[in-house]
>>> print(open('model_2.cif').read())   # mmCIF, C-alpha atoms
data_input
#
loop_
_atom_site.label_atom_id
_atom_site.label_comp_id
_atom_site.auth_asym_id
_atom_site.auth_seq_id
_atom_site.Cartn_x
_atom_site.Cartn_y
_atom_site.Cartn_z
CA MET A 1 168.50 -108.26 157.59
CA VAL A 2 170.92 -108.77 160.47
CA GLU A 3 168.06 -109.00 162.94
CA ASP A 4 166.17 -111.45 160.74
CA LEU A 5 169.20 -113.66 160.28
CA TYR A 6 169.91 -113.62 163.99
CA LYS A 7 166.31 -114.57 164.76
CA LYS A 8 166.39 -117.33 162.19
CA TYR A 9 169.78 -118.83 162.89
CA GLY A 10 170.94 -117.53 166.29
CA TYR A 11 169.64 -120.43 168.31
CA ILE A 12 170.56 -123.04 165.70
CA ILE A 13 174.15 -121.76 165.80
CA PHE A 14 174.16 -121.58 169.58
CA GLU A 15 172.93 -125.16 169.98
CA ARG A 16 175.64 -126.47 167.60
CA CYS A 17 178.30 -124.60 169.57
CA TYR A 18 176.94 -125.65 172.94
CA ASN A 19 176.91 -129.30 171.86
CA ILE A 20 180.66 -129.09 171.38
CA VAL A 21 181.98 -126.67 173.99
CA ARG A 22 179.42 -127.69 176.63
CA CYS A 23 179.47 -124.33 178.33
CA GLU A 24 176.90 -121.59 177.78
CA HIS A 25 179.41 -118.77 178.11
CA ASP A 26 181.79 -120.24 175.54
CA ALA A 27 178.93 -121.29 173.30
CA HIS A 28 177.72 -117.70 173.23
CA ASP A 29 181.19 -116.48 172.31
CA ALA A 30 181.39 -119.06 169.54
CA THR A 31 177.89 -118.12 168.37
CA GLN A 32 179.02 -114.54 167.85
CA ILE A 33 181.92 -115.68 165.71
CA VAL A 34 179.85 -118.08 163.62
CA PHE A 35 177.08 -115.51 163.18
CA MET A 36 179.57 -112.93 161.99
CA ARG A 37 180.89 -115.40 159.43
CA LEU A 38 177.33 -116.14 158.36
CA LEU A 39 176.75 -112.43 157.73
CA GLU A 40 179.81 -112.35 155.52
CA LYS A 41 178.90 -115.53 153.70
CA TYR A 42 175.11 -115.36 153.48
CA ASP A 43 174.82 -113.66 150.10
CA THR A 44 177.17 -116.18 148.51
CA LEU A 45 175.11 -119.13 149.79
CA LYS A 46 172.82 -119.09 146.79
CA ASP A 47 171.31 -122.45 147.59
CA ARG A 48 169.54 -121.68 150.85
CA GLU A 49 169.35 -125.40 151.64
CA GLN A 50 173.09 -125.21 152.22
CA VAL A 51 172.79 -122.70 155.06
CA ILE A 52 172.08 -125.19 157.86
CA PRO A 53 174.84 -127.66 156.79
CA TRP A 54 177.18 -124.66 156.51
CA ILE A 55 176.30 -123.67 160.09
CA PHE A 56 177.11 -127.19 161.33
CA VAL A 57 180.52 -127.16 159.64
CA THR A 58 181.44 -123.62 160.66
CA ALA A 59 180.31 -124.12 164.26
CA ARG A 60 182.35 -127.32 164.46
CA ASN A 61 185.46 -125.61 163.07
CA CYS A 62 185.06 -122.62 165.33
CA CYS A 63 184.47 -124.68 168.49
CA PHE A 64 187.28 -127.14 167.84
CA ASN A 65 189.56 -124.14 167.26
CA MET A 66 188.46 -122.77 170.62
CA LEU A 67 189.23 -126.10 172.27
CA ARG A 68 192.60 -126.22 170.53
CA ASP A 69 193.48 -122.68 171.61
CA ASN A 70 192.37 -123.26 175.17
CA LYS A 71 193.95 -126.73 175.30
CA LYS A 72 191.11 -127.83 177.56
CA PHE A 73 187.52 -127.08 178.26
CA ILE A 74 186.93 -123.79 179.97
CA GLY A 75 183.90 -122.47 181.78
CA ALA A 76 181.76 -124.31 184.27
CA GLU A 77 181.97 -128.06 184.58
CA CYS A 78 179.41 -130.03 182.70
CA SER A 79 178.40 -133.52 183.68
CA ASP A 80 175.94 -134.47 180.95
CA GLU A 81 176.44 -137.85 179.38
CA ILE A 82 176.06 -139.07 175.85
CA GLY A 83 175.14 -142.54 174.68
CA ILE A 84 177.91 -144.07 172.58
CA SER A 85 176.26 -147.25 171.37
CA ASP A 86 172.87 -148.82 171.07
CA ARG A 87 173.20 -150.04 174.62
CA ILE A 88 171.41 -147.63 176.86
CA ASP A 89 173.90 -148.06 179.71
CA GLU A 90 176.94 -147.34 177.57
CA LYS A 91 177.41 -143.64 178.13
CA ILE A 92 180.30 -141.30 178.37
CA ASN A 93 180.72 -137.80 179.72
CA ALA A 94 180.12 -135.39 176.85
CA ARG A 95 183.25 -133.38 177.47
CA GLN A 96 185.37 -136.49 177.76
CA LEU A 97 184.01 -137.75 174.47
CA ILE A 98 184.68 -134.51 172.63
CA SER A 99 188.10 -134.15 174.20
CA LEU A 100 189.02 -137.69 173.13
CA LEU A 101 187.70 -137.12 169.65
CA PHE A 102 189.71 -133.99 169.37
CA LYS A 103 192.94 -135.55 170.58
CA ASN A 104 192.82 -139.03 169.10
CA PHE A 105 191.02 -139.05 165.78
CA ASP A 106 191.29 -137.48 162.38
CA ARG A 107 188.64 -135.09 161.16
CA ASN A 108 186.57 -137.71 159.35
CA VAL A 109 186.18 -139.98 162.37
CA ARG A 110 185.63 -136.95 164.56
CA ASP A 111 182.82 -135.74 162.28
CA ALA A 112 181.17 -139.15 162.05
CA VAL A 113 181.16 -139.59 165.83
CA LEU A 114 180.27 -135.99 166.63
CA TYR A 115 177.30 -135.92 164.30
CA THR A 116 176.14 -139.43 165.22
CA TYR A 117 176.39 -139.36 169.00
CA VAL A 118 176.47 -135.71 169.96
CA GLU A 119 174.17 -134.20 167.34
CA GLN A 120 172.24 -137.46 166.87
CA LEU A 121 171.90 -136.97 163.14
CA GLU A 122 170.90 -139.60 160.63
CA GLN A 123 173.43 -140.81 158.07
CA LYS A 124 171.77 -138.87 155.25
CA ASP A 125 172.14 -135.68 157.28
CA ILE A 126 175.78 -136.44 158.08
CA GLN A 127 176.36 -137.03 154.38
CA LYS A 128 174.87 -133.62 153.58
CA ILE A 129 177.19 -131.91 156.05
CA THR A 130 180.43 -133.82 155.60
CA GLY A 131 180.12 -135.37 152.16
CA GLN A 132 180.96 -138.76 153.66
CA SER A 133 179.06 -141.61 152.04
CA PRO A 134 177.07 -143.94 154.35
CA ALA A 135 179.79 -146.59 153.88
CA THR A 136 182.49 -144.12 154.90
CA ILE A 137 180.47 -143.02 157.90
CA ARG A 138 180.10 -146.66 158.98
CA ARG A 139 183.83 -147.24 158.48
CA ASN A 140 184.71 -144.19 160.55
CA MET A 141 182.30 -145.21 163.27
CA LYS A 142 183.94 -148.63 163.32
CA LYS A 143 187.36 -147.03 163.80
CA PHE A 144 185.96 -145.23 166.81
CA LYS A 145 184.27 -148.32 168.20
CA ASP A 146 187.43 -150.39 167.77
CA TYR A 147 189.27 -147.82 169.81
CA LEU A 148 186.52 -147.54 172.41
CA PRO A 149 187.71 -150.27 174.84
CA SER A 150 191.07 -148.57 175.28
CA ILE A 151 189.34 -145.20 175.67
CA LYS A 152 187.09 -146.58 178.38
CA LYS A 153 190.03 -148.18 180.08
CA ARG A 154 191.90 -144.90 180.10
CA LEU A 155 188.86 -143.15 181.51
CA GLY A 156 188.50 -145.80 184.18
CA LEU A 157 185.07 -146.82 182.92
CA VAL A 158 185.84 -150.55 182.91
CA MET B 1 159.71 -142.12 164.91
CA SER B 2 158.78 -143.54 161.53
CA GLU B 3 161.01 -143.75 158.48
CA GLN B 4 159.00 -140.95 156.91
CA CYS B 5 159.75 -138.66 159.84
CA VAL B 6 161.59 -135.45 159.17
CA SER B 7 165.32 -135.61 159.93
CA LYS B 8 166.83 -133.16 162.39
CA LEU B 9 168.64 -131.27 159.64
CA GLU B 10 165.51 -130.97 157.51
CA LEU B 11 163.46 -129.87 160.49
CA MET B 12 165.94 -127.05 161.10
CA ALA B 13 165.85 -126.11 157.42
CA TYR B 14 162.04 -126.15 157.54
CA PHE B 15 162.09 -124.04 160.68
CA SER B 16 164.43 -121.47 159.17
CA GLY B 17 162.60 -121.49 155.83
CA ASP B 18 165.62 -122.79 153.91
CA ILE B 19 163.89 -125.55 152.04
CA ASN B 20 162.31 -125.85 148.62
CA GLU B 21 158.58 -125.41 148.19
CA VAL B 22 157.79 -129.04 147.37
CA ARG B 23 159.62 -130.41 150.38
CA ARG B 24 158.23 -127.67 152.60
CA HIS B 25 154.74 -128.72 151.64
CA GLU B 26 155.50 -132.40 152.28
CA ILE B 27 157.00 -131.64 155.67
CA ALA B 28 154.08 -129.41 156.64
CA LEU B 29 151.67 -132.23 155.82
CA HIS B 30 153.76 -134.71 157.77
CA ILE B 31 154.03 -132.47 160.80
CA ASP B 32 150.27 -132.07 160.87
CA GLN B 33 149.94 -135.81 161.29
CA CYS B 34 153.02 -136.70 163.34
CA SER B 35 152.98 -135.77 167.00
CA GLU B 36 156.69 -136.51 167.40
CA CYS B 37 157.83 -134.20 164.60
CA SER B 38 155.30 -131.60 165.67
CA ALA B 39 156.71 -131.72 169.21
CA SER B 40 160.28 -131.42 167.88
CA LEU B 41 159.33 -128.34 165.89
CA GLU B 42 157.55 -126.83 168.86
CA SER B 43 160.54 -127.52 171.07
CA LEU B 44 162.85 -125.85 168.56
CA SER B 45 160.58 -122.83 168.43
CA LEU B 46 160.40 -122.60 172.22
CA LYS B 47 164.17 -122.93 172.64
CA GLN B 48 164.71 -120.26 170.02
CA GLN B 49 162.38 -117.89 171.85
CA GLN B 50 164.19 -118.52 175.12
CA PHE B 51 167.53 -117.97 173.39
CA LEU B 52 166.41 -114.67 171.89
CA GLU B 53 165.11 -113.51 175.25
CA LYS B 54 168.39 -114.35 176.91
CA TYR B 55 170.68 -113.25 174.09
CA PRO B 56 168.85 -110.55 172.10
CA ILE B 57 170.35 -109.26 168.91
CA PRO B 58 173.41 -107.09 169.57
CA LYS B 59 172.48 -103.40 169.71
CA VAL B 60 174.65 -100.34 169.38
CA ASP B 61 174.40 -98.07 172.38
CA ASN B 62 176.08 -94.65 172.18
CA LYS B 63 176.95 -94.52 175.86
CA LYS B 64 178.09 -98.06 176.35
CA LYS B 65 179.26 -98.35 172.74
CA VAL B 66 178.24 -101.98 172.40
CA SER B 67 175.85 -103.90 174.60
CA LEU B 68 177.38 -107.25 173.64
CA ARG B 69 179.28 -109.19 176.24
CA ILE B 70 182.76 -108.78 174.89
CA ASN B 71 185.89 -110.35 176.24
CA THR B 72 189.34 -109.47 175.04
CA ARG B 73 189.78 -112.68 173.06
CA PHE B 74 186.96 -111.71 170.76
CA PHE B 75 187.33 -107.95 170.76
CA ALA B 76 188.59 -107.81 167.18
CA ILE B 77 185.83 -110.10 166.00
CA ALA B 78 183.15 -108.14 167.81
CA ALA B 79 184.49 -104.93 166.27
CA SER B 80 184.25 -106.51 162.84
CA LEU B 81 180.73 -107.64 163.62
CA LEU B 82 179.78 -104.11 164.61
CA LEU B 83 181.25 -102.81 161.37
CA ALA B 84 179.39 -105.45 159.35
CA VAL B 85 176.11 -104.69 161.15
CA THR B 86 176.51 -100.98 160.54
CA ALA B 87 177.36 -101.53 156.89
CA VAL B 88 174.44 -103.88 156.32
CA LEU B 89 172.01 -101.56 158.11
CA TYR B 90 173.29 -98.63 156.06
CA VAL B 91 172.84 -100.55 152.81
CA GLN B 92 169.42 -101.76 153.94
CA MET B 93 168.31 -98.24 154.79
CA ASN B 94 169.43 -96.95 151.43
CA ASN B 95 168.76 -99.75 149.01
CA GLY B 96 167.14 -102.54 150.81
CA ILE B 97 164.01 -104.25 151.72
CA HIS B 98 161.97 -101.35 153.00
CA GLU B 99 162.91 -98.60 150.68
CA ARG B 100 161.58 -95.34 149.34
CA ILE B 101 162.85 -94.57 145.91
CA LYS B 102 161.92 -90.93 145.42
CA GLY B 103 159.23 -88.30 145.83
CA ALA B 104 157.25 -87.07 148.81
CA GLU B 105 155.04 -90.12 149.13
CA LYS B 106 155.19 -92.50 152.01
CA ILE B 107 153.32 -95.69 152.80
CA GLU B 108 153.31 -97.71 155.98
CA MET B 109 152.24 -101.29 156.62
CA PHE B 110 150.46 -102.41 159.79
CA VAL B 111 149.12 -105.69 161.10
CA LEU B 112 145.67 -105.97 162.56
CA SER B 113 146.03 -108.15 165.65
CA ASP B 114 143.51 -110.66 166.98
CA LYS B 115 142.52 -108.09 169.61
CA ASN B 116 141.61 -105.68 166.81
CA THR B 117 144.49 -103.38 167.54
CA VAL B 118 146.90 -102.13 164.93
CA GLU B 119 150.60 -102.78 165.31
CA LYS B 120 153.67 -102.13 163.25
CA ARG B 121 155.65 -105.32 163.02
CA THR B 122 159.39 -105.06 163.43
CA SER B 123 160.18 -108.43 161.86
CA THR B 124 159.41 -109.43 158.28
CA VAL B 125 157.68 -112.67 159.30
CA TYR B 126 153.93 -112.92 158.76
CA TYR B 127 151.43 -115.75 158.87
CA PRO B 128 148.56 -116.83 156.62
CA GLY B 129 145.24 -115.39 157.73
CA GLU B 130 146.74 -112.26 159.24
CA ARG B 131 145.28 -108.98 158.06
CA ILE B 132 147.51 -106.17 156.95
CA GLN B 133 146.55 -102.56 156.44
CA PHE B 134 148.34 -99.75 154.63
CA SER B 135 148.22 -96.03 155.18
CA TYR B 136 149.77 -93.43 152.94
CA SER B 137 150.99 -89.88 153.13
CA SER B 138 151.30 -87.73 150.05
CA SER B 139 152.02 -84.05 149.57
CA GLY B 140 149.83 -83.90 146.47
CA GLU B 141 147.46 -85.88 144.27
CA LYS B 142 149.14 -89.04 142.96
CA TYR B 143 148.18 -92.00 140.84
CA PHE B 144 148.61 -95.15 142.83
CA MET B 145 148.47 -98.93 142.82
CA LEU B 146 149.32 -101.60 145.41
CA MET B 147 150.38 -105.04 144.28
CA SER B 148 152.01 -108.16 145.66
CA MET B 149 154.31 -110.66 144.01
CA ASP B 150 155.50 -114.03 145.27
CA GLU B 151 158.67 -115.96 144.44
CA THR B 152 157.00 -117.71 141.53
CA GLY B 153 156.13 -114.38 139.89
CA LYS B 154 152.44 -114.61 140.71
CA THR B 155 151.05 -111.13 141.19
CA TYR B 156 147.92 -109.68 142.71
CA VAL B 157 146.70 -106.11 142.48
CA TYR B 158 144.81 -104.93 145.56
CA PHE B 159 144.39 -101.27 144.70
CA PRO B 160 142.68 -100.36 142.47
CA SER B 161 140.51 -103.45 142.50
CA GLY B 162 139.39 -104.69 139.09
CA ASP B 163 140.51 -101.61 137.20
CA SER B 164 143.17 -101.45 134.49
CA VAL B 165 144.43 -97.96 135.32
CA ALA B 166 145.90 -96.53 138.51
CA MET B 167 143.64 -94.89 141.07
CA LEU B 168 143.97 -91.27 142.12
CA LEU B 169 144.95 -90.61 145.72
CA LYS B 170 144.20 -87.27 147.32
CA LYS B 171 146.87 -85.57 149.36
CA GLY B 172 146.93 -86.35 153.05
CA ALA B 173 148.99 -87.68 155.91
CA GLY B 174 148.56 -91.16 157.42
CA VAL B 175 145.42 -91.88 155.37
CA PRO B 176 144.43 -95.55 155.64
CA LEU B 177 143.58 -97.38 152.41
CA SER B 178 139.90 -98.28 152.20
CA ARG B 179 140.26 -101.95 153.17
CA SER B 180 142.66 -104.37 154.78
CA ILE B 181 144.24 -107.38 153.07
CA GLU B 182 144.01 -110.91 154.39
CA LEU B 183 147.22 -112.88 153.78
CA ASP B 184 146.56 -116.06 151.85
CA ASN B 185 148.00 -119.54 152.47
CA TYR B 186 151.06 -119.10 150.28
CA ILE B 187 154.20 -119.87 152.30
CA GLY B 188 157.44 -118.15 151.34
CA MET B 189 158.72 -114.73 150.43
CA GLU B 190 156.36 -112.09 149.10
CA VAL B 191 156.87 -108.48 148.21
CA TYR B 192 154.21 -105.78 148.49
CA MET B 193 154.80 -102.78 146.29
CA ALA B 194 153.10 -99.41 146.53
CA VAL B 195 153.53 -97.56 143.24
CA PHE B 196 153.02 -93.80 142.94
CA SER B 197 153.21 -91.61 139.89
CA ASP B 198 152.38 -88.06 138.92
CA ASN B 199 150.84 -89.40 135.71
CA ARG B 200 147.99 -91.78 135.06
CA PHE B 201 149.40 -95.22 134.26
CA ILE B 202 148.35 -98.67 133.11
CA ILE B 203 148.48 -101.29 135.87
CA ASN B 204 149.76 -104.02 133.55
CA ASP B 205 152.78 -101.91 132.55
CA VAL B 206 153.99 -101.96 136.15
CA VAL B 207 153.07 -105.61 136.72
CA SER B 208 154.96 -106.79 133.65
CA GLY B 209 157.92 -104.53 134.54
CA MET B 210 158.13 -106.13 137.97
CA LYS B 211 157.81 -109.63 136.56
CA THR B 212 160.70 -108.91 134.22
CA ALA B 213 162.76 -107.57 137.14
CA LEU B 214 162.08 -110.77 139.09
CA TYR B 215 162.94 -112.94 136.10
CA ARG B 216 166.24 -111.10 135.63
CA ALA B 217 167.25 -111.12 139.31
CA GLY B 218 166.03 -114.64 140.11
CA SER B 219 164.77 -113.73 143.57
CA LEU B 220 162.54 -111.22 145.29
CA GLU B 221 165.39 -110.11 147.54
CA ARG B 222 167.69 -109.25 144.68
CA MET B 223 165.20 -107.89 142.17
CA SER B 224 165.21 -104.20 141.43
CA LYS B 225 162.10 -102.56 142.79
CA THR B 226 162.41 -99.41 140.77
CA LEU B 227 160.82 -98.35 137.52
CA SER B 228 161.58 -95.19 135.64
CA GLY B 229 158.89 -92.56 136.17
CA TYR B 230 157.44 -94.22 139.28
CA SER B 231 158.07 -93.87 142.97
CA ILE B 232 157.89 -97.31 144.55
CA GLU B 233 157.94 -98.38 148.16
CA SER B 234 158.34 -102.09 148.79
CA PHE B 235 157.84 -104.41 151.74
CA LEU B 236 159.49 -107.78 151.56
CA ILE B 237 157.83 -110.26 153.89
CA GLU B 238 158.28 -113.91 154.67
CA LYS B 239 155.12 -115.91 155.19
CA ARG B 240 155.54 -118.87 157.47
CA GLN B 241 153.30 -121.65 158.58
CA ARG B 242 151.99 -120.77 162.00
CA ILE B 243 153.26 -123.20 164.65
CA GLN B 244 150.32 -124.45 166.67
#
>>> encode(input="model_2.cif", output="structure tokens")
Amino acid sequence: MVEDLYKKYGYIIFERCYNIVRCEHDAHDATQIVFMRLLEKYDTLKDREQVIPWIFVTARNCCFNMLRDNKKFIGAECSDEIGISDRIDEKINARQLISLLFKNFDRNVRDAVLYTYVEQLEQKDIQKITGQSPATIRRNMKKFKDYLPSIKKRLGLV
Amino acid sequence: MSEQCVSKLELMAYFSGDINEVRRHEIALHIDQCSECSASLESLSLKQQQFLEKYPIPKVDNKKKVSLRINTRFFAIAASLLLAVTAVLYVQMNNGIHERIKGAEKIEMFVLSDKNTVEKRTSTVYYPGERIQFSYSSSGEKYFMLMSMDETGKTYVYFPSGDSVAMLLKKGAGVPLSRSIELDNYIGMEVYMAVFSDNRFIINDVVSGMKTALYRAGSLERMSKTLSGYSIESFLIEKRQRIQ
């Protein structure tokens, strides 16, 4: 059972963790933690369609806890960029984005931005994971976008 | 990507098999026709393979204790994981998926590969069209039947074929059953059950007993695969759509 679950979910967990911590070493550490929690939880997840959303939430919690405990990103530097609007040229360093989300926004805005820009999920998927309605997701995205000019200024992007 | 395209979350659920039958069927049809979704699924499969090659499942090694990369921050967690793995494996060995209930009978399941070789699969994942073969060992003459059951309770009796009473097996070790079984197109969990008894028995008694067990438990994983007076060995498999 353990082997089957690891084969089924190992990479899915790893990818969620990597998308947040942006370091393979740390993502692997986080994967171990999330997988262990999955083993504990799996039998109680009677609706199997809840497993993947559960992985998203648990990986997010685990990785943000790692960031909180470490105060900053650890591991090798990562320079990949993420689009933060419909404009193709409007991009931000992935680590900077996650760091700003972590420091400056509440969990709802953080989730909306993380799942929209980093995970590139559709609103219906974000709703399944967070329970936020499409209107709430839009409102949280607006809060982020309103704050974006000052973020970019602080990052020296304008 | 069209509006009908499969969302990322659904694609993952489809990939991991955590999706209801109706939606699974719809997605499978869509993927057949949509190159973008098909490519996404293929990419997911490829990345998973690469991940498993790089980070194989943690194994317990007596000399090194644990072959996981452990750092001190996660030592306690890794120790818990090891404990959980051991506990689950212990339970699985004693009660779980691939169990022997009692008696001196044993049955093994093999897969006939494309190259006509026989292999014993370590995972529980199988694909439609694959051929499986069973061989049994028994210390004496036993009455026997082999049946399968899917999640919907649909059953099929492979041995004996077309008879209402169990067939008699002669004693022997590693004796292959007379024919192989081609897996049909059903996608999902299936259990194969080899039933032995010292006494002649009616096939339908076992079939209805198993259907009742499934009805009570609600799933193939949880259902009891024991019946009083019978020795039953079961193989729980998951049939997946083959990714082209």
>>> interface_residues(input="model_2.cif", of="chain A", to="chain B", cutoff="7 Å", atoms="all atoms listed in the file", output="list in words")
Val2, Glu3, Asp4, Tyr6, Lys8, Tyr11, Ile33, Met36, Arg48, Glu49, Ile52, Leu121, Glu122 and Asp125 of chain A
>>> atom_distance(input="model_2.cif", atom1="atom CA of Arg138 of chain A", atom2="atom CA of Ile12 of chain A")
26.3 Å
>>> resolve_selection(input="model_2.cif", expression="the PyMOL selection byres ((chain A and resi 128) around 12)", output="ChimeraX atom specification")
/A:49-57,111-112,115,121-127,129-134,137 /B:7-10
>>> resolve_selection(input="model_2.cif", expression="the PyMOL selection byres ((chain B and resi 153) around 8)", output="list of chain:residue names")
B:Met149, B:Asp150, B:Glu151, B:Thr152, B:Lys154, B:Thr155, B:Lys211, B:Leu214, B:Tyr215
>>> residues_around(input="model_2.cif", residues="segment 170-175 of chain B", least_positions_apart="3", cutoff="12 Å", atoms="only C-alpha atoms", output="list in words")
Ala104, Glu105, Lys106, Ile107, Glu108, Met109, Phe110, Gln133, Phe134, Ser135, Tyr136, Ser137, Ser138, Ser139, Gly140, Glu141, Lys142, Tyr143, Phe144, Met167, Ser178, Arg179, Phe196 and Asp198 of chain B
>>> resolve_selection(input="model_2.cif", expression="the PyMOL selection byres ((chain B and resi 5) around 10)", output="PDB file with C-alpha atoms, in the frame of the given file")
ATOM      1  CA  MET B   1     159.710-142.120 164.910  1.00  0.00           C
ATOM      2  CA  SER B   2     158.780-143.540 161.530  1.00  0.00           C
ATOM      3  CA  GLU B   3     161.010-143.750 158.480  1.00  0.00           C
ATOM      4  CA  GLN B   4     159.000-140.950 156.910  1.00  0.00           C
ATOM      5  CA  VAL B   6     161.590-135.450 159.170  1.00  0.00           C
ATOM      6  CA  SER B   7     165.320-135.610 159.930  1.00  0.00           C
ATOM      7  CA  LYS B   8     166.830-133.160 162.390  1.00  0.00           C
ATOM      8  CA  GLU B  10     165.510-130.970 157.510  1.00  0.00           C
ATOM      9  CA  LEU B  11     163.460-129.870 160.490  1.00  0.00           C
ATOM     10  CA  ILE B  27     157.000-131.640 155.670  1.00  0.00           C
ATOM     11  CA  HIS B  30     153.760-134.710 157.770  1.00  0.00           C
ATOM     12  CA  ILE B  31     154.030-132.470 160.800  1.00  0.00           C
ATOM     13  CA  CYS B  34     153.020-136.700 163.340  1.00  0.00           C
ATOM     14  CA  GLU B  36     156.690-136.510 167.400  1.00  0.00           C
ATOM     15  CA  CYS B  37     157.830-134.200 164.600  1.00  0.00           C
TER      16      CYS B  37
END
>>> closest_residue(input="model_2.cif", among="B:Ser40, B:Tyr126, B:Asp163, B:Arg216", to="Phe235 of chain B", atoms="only C-alpha atoms")
B:Tyr126
>>> closest_residue(input="model_2.cif", among="B:Ala194, B:Asn204, B:Thr212, B:Glu21", to="Ser231 of chain B", atoms="only C-alpha atoms")
B:Ala194
>>> decode(input="model_2.cif", residues="segment 161-197 of chain B", atoms="C-alpha atoms", output="compact mmCIF listing (two decimals), in the first residue's frame")
# COMPACT_ATOMS: atom_id res chain seq x y z
CA SER B 161 -15.78 -22.43 -16.78
CA GLY B 162 -19.53 -22.87 -17.26
CA ASP B 163 -19.98 -25.26 -14.36
CA SER B 164 -22.05 -24.67 -11.23
CA VAL B 165 -19.83 -26.63 -8.85
CA ALA B 166 -16.18 -26.23 -7.94
CA MET B 167 -13.51 -28.10 -9.87
CA LEU B 168 -11.16 -30.60 -8.28
CA LEU B 169 -7.48 -29.71 -8.24
CA LYS B 170 -4.87 -32.42 -7.86
CA LYS B 171 -2.01 -31.88 -5.46
CA GLY B 172 1.10 -30.28 -6.87
CA ALA B 173 3.51 -27.40 -6.61
CA GLY B 174 3.55 -24.42 -9.00
CA VAL B 175 0.99 -26.00 -11.34
CA PRO B 176 -0.26 -23.47 -13.91
CA LEU B 177 -4.01 -23.25 -14.47
CA SER B 178 -5.03 -24.51 -17.90
CA ARG B 179 -5.45 -21.09 -19.55
CA SER B 180 -4.55 -17.46 -19.11
CA ILE B 181 -7.03 -14.62 -18.62
CA GLU B 182 -7.16 -11.53 -20.80
CA LEU B 183 -8.02 -8.40 -18.81
CA ASP B 184 -11.06 -6.65 -20.21
CA ASN B 185 -11.60 -2.91 -20.75
CA TYR B 186 -13.04 -2.21 -17.32
CA ILE B 187 -11.06 0.58 -15.64
CA GLY B 188 -10.87 0.64 -11.86
CA MET B 189 -10.27 -1.69 -8.96
CA GLU B 190 -10.83 -5.41 -9.36
CA VAL B 191 -10.24 -8.31 -7.03
CA TYR B 192 -9.33 -11.82 -8.14
CA MET B 193 -10.16 -14.50 -5.63
CA ALA B 194 -8.92 -18.07 -5.61
CA VAL B 195 -11.20 -20.18 -3.42
CA PHE B 196 -10.16 -23.58 -2.06
CA SER B 197 -12.12 -26.03 0.01
